[in-house]
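Asks: target_37.cif is reproduced in full below (mmCIF, C-alpha atoms).
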```cif
data_work
loop_
_atom_site.group_PDB
_atom_site.id
_atom_site.type_symbol
_atom_site.label_atom_id
_atom_site.label_comp_id
_atom_site.auth_asym_id
_atom_site.auth_seq_id
_atom_site.Cartn_x
_atom_site.Cartn_y
_atom_site.Cartn_z
ATOM 1 C CA MET C 185 36.674 18.822 30.281
ATOM 2 C CA ASP C 186 36.617 22.418 31.504
ATOM 3 C CA LYS C 187 33.450 24.527 31.614
ATOM 4 C CA ARG C 188 34.212 26.295 28.328
ATOM 5 C CA GLN C 189 34.582 23.021 26.436
ATOM 6 C CA ASN C 190 31.449 21.664 28.048
ATOM 7 C CA LYS C 191 29.515 24.790 27.024
ATOM 8 C CA ASN C 192 30.702 24.473 23.409
ATOM 9 C CA HIS C 193 29.776 20.808 23.400
ATOM 10 C CA PHE C 194 26.264 21.645 24.641
ATOM 11 C CA SER C 195 25.876 24.457 22.089
ATOM 12 C CA TYR C 196 26.879 22.178 19.236
ATOM 13 C CA PHE C 197 24.229 19.592 20.102
ATOM 14 C CA SER C 198 21.618 22.257 20.794
ATOM 15 C CA PHE C 199 22.232 23.577 17.285
ATOM 16 C CA LEU C 200 21.726 20.104 15.812
ATOM 17 C CA ASP C 201 18.474 19.656 17.742
ATOM 18 C CA MET C 202 16.983 22.957 16.547
ATOM 19 C CA PRO C 203 14.002 22.462 14.256
ATOM 20 C CA GLN C 204 14.622 23.426 10.653
ATOM 21 C CA LYS C 205 12.501 26.104 9.032
ATOM 22 C CA ASP C 206 9.727 24.613 6.956
ATOM 23 C CA PRO C 207 10.798 24.887 3.299
ATOM 24 C CA CYS C 208 7.286 25.906 2.163
ATOM 25 C CA GLN C 209 6.527 28.401 4.919
ATOM 26 C CA LYS C 210 6.792 31.388 2.579
ATOM 27 C CA GLN C 211 4.121 29.963 0.259
ATOM 28 C CA ALA C 212 1.854 29.125 3.204
ATOM 29 C CA CYS C 213 2.123 32.716 4.439
ATOM 30 C CA GLU C 214 1.230 33.960 0.963
ATOM 31 C CA ILE C 215 -1.917 31.827 1.034
ATOM 32 C CA GLN C 216 -2.922 33.316 4.377
ATOM 33 C CA LYS C 217 -2.392 36.847 3.072
ATOM 34 C CA CYS C 218 -4.413 36.099 -0.058
ATOM 35 C CA LEU C 219 -7.276 34.515 1.870
ATOM 36 C CA GLN C 220 -7.456 37.440 4.289
ATOM 37 C CA ALA C 221 -7.446 39.928 1.425
ATOM 38 C CA ASN C 222 -10.217 38.025 -0.388
ATOM 39 C CA ASN C 223 -12.644 37.245 2.460
ATOM 40 C CA TYR C 224 -11.390 33.649 2.622
ATOM 41 C CA MET C 225 -12.614 32.762 -0.851
ATOM 42 C CA GLU C 226 -10.288 29.951 -1.979
ATOM 43 C CA SER C 227 -11.258 30.482 -5.607
ATOM 44 C CA LYS C 228 -9.497 33.862 -5.538
ATOM 45 C CA CYS C 229 -6.248 32.305 -4.280
ATOM 46 C CA GLN C 230 -5.745 29.377 -6.662
ATOM 47 C CA ALA C 231 -2.461 30.764 -8.011
ATOM 48 C CA VAL C 232 -0.815 30.919 -4.570
ATOM 49 C CA ILE C 233 -2.255 27.512 -3.635
ATOM 50 C CA LYS C 234 -0.703 26.119 -6.814
ATOM 51 C CA GLU C 235 2.665 27.614 -5.780
ATOM 52 C CA LEU C 236 2.444 25.855 -2.415
ATOM 53 C CA ARG C 237 1.641 22.560 -4.147
ATOM 54 C CA LYS C 238 4.691 23.058 -6.400
ATOM 55 C CA CYS C 239 6.847 23.704 -3.340
ATOM 56 C CA CYS C 240 5.505 20.599 -1.615
ATOM 57 C CA ALA C 241 6.288 18.489 -4.692
ATOM 58 C CA ARG C 242 9.960 19.496 -4.440
ATOM 59 C CA TYR C 243 10.452 17.887 -1.012
ATOM 60 C CA PRO C 244 10.142 14.306 0.225
ATOM 61 C CA LYS C 245 6.991 13.322 2.062
ATOM 62 C CA GLY C 246 7.198 14.301 5.718
ATOM 63 C CA ARG C 247 9.834 17.021 5.232
ATOM 64 C CA SER C 248 7.304 19.857 5.449
ATOM 65 C CA LEU C 249 4.685 19.998 8.177
ATOM 66 C CA ILE C 250 2.828 22.586 6.095
ATOM 67 C CA CYS C 251 2.562 20.129 3.200
ATOM 68 C CA SER C 252 1.191 17.313 5.354
ATOM 69 C CA GLY C 253 -2.389 18.489 4.681
ATOM 70 C CA PHE C 254 -1.867 18.174 0.940
ATOM 71 C CA GLU C 255 -0.240 14.777 1.407
ATOM 72 C CA LYS C 256 -3.282 13.496 3.341
ATOM 73 C CA GLU C 257 -5.637 14.971 0.734
ATOM 74 C CA ASP C 258 -3.673 13.294 -2.078
ATOM 75 C CA GLU C 259 -3.779 9.949 -0.225
ATOM 76 C CA ARG C 260 -7.576 10.182 0.162
ATOM 77 C CA LEU C 261 -8.002 10.984 -3.538
ATOM 78 C CA THR C 262 -5.766 8.070 -4.509
ATOM 79 C CA LEU C 263 -7.691 5.659 -2.270
ATOM 80 C CA LYS C 264 -10.986 6.921 -3.686
ATOM 81 C CA SER C 265 -9.882 6.376 -7.297
ATOM 82 C CA ILE C 266 -8.570 2.874 -6.513
ATOM 83 C CA SER C 267 -11.823 1.813 -4.844
ATOM 84 C CA LYS C 268 -13.948 2.782 -7.884
#
```
Will you turn the file into structure tokens for me?
Replies:
Amino acid sequence: MDKRQNKNHFSYFSFLDMPQKDPCQKQACEIQKCLQANNYMESKCQAVIKELRKCCARYPKGRSLICSGFEKEDERLTLKSISK
């Protein structure tokens, strides 16, 4: 294999190893903007939080690092309701 082929081979695998953009990153950024604009009062940002939850629901568990906080919260709520 000559150097050019080797370089292309390396580039191909490097491309495959690149992390994918989080599918809900846009919604997470919108939440940050809203919170900053509203002195970090979550009650003022419920609409954008709802949009992030909708985005998270569209993807399988574990696909979005951003959604992992919601997934853990949902698990705790489920465990709480089962134990009652």
Asks: Rounded to one decimal in Å, what is the spacing between atom CA of Gln230 of chain C and atom CA of Lys245 of chain C?
Replies: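 We find that atom CA of Gln230 of chain C and atom CA of Lys245 of chain C lie 22.3 Å from each other.
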Asks: Just the residues within 9 Å of segment 238-240 of chain C, please, counting all atoms listed in the file, with nothing from its chain fewer than 3 positions along; format it as a ChimeraX atom specification.
Replies: /C:207-208,211,233-235,243-245,247-248,250-252,254-255
Asks: Would you list the contacts of Ala212 of chain C as a ChimeraX atom specification, taking every protein, DNA or RNA residue within 9 Å and counting all atoms listed in the file, but skipping same-chain residues closer than 2 positions in sequence?
Replies: /C:208-210,214-217,232-233,236,250
Asks: Any idea what the distance is between atom CA of Gln204 of chain C and atom CA of Leu249 of chain C?
Replies: 10.8 Å
Asks: Using atom CA of Glu226 of chain C and atom CA of Gly253 of chain C as the two end points, give the distance in Å to one decimal.
Replies: 15.4 Å
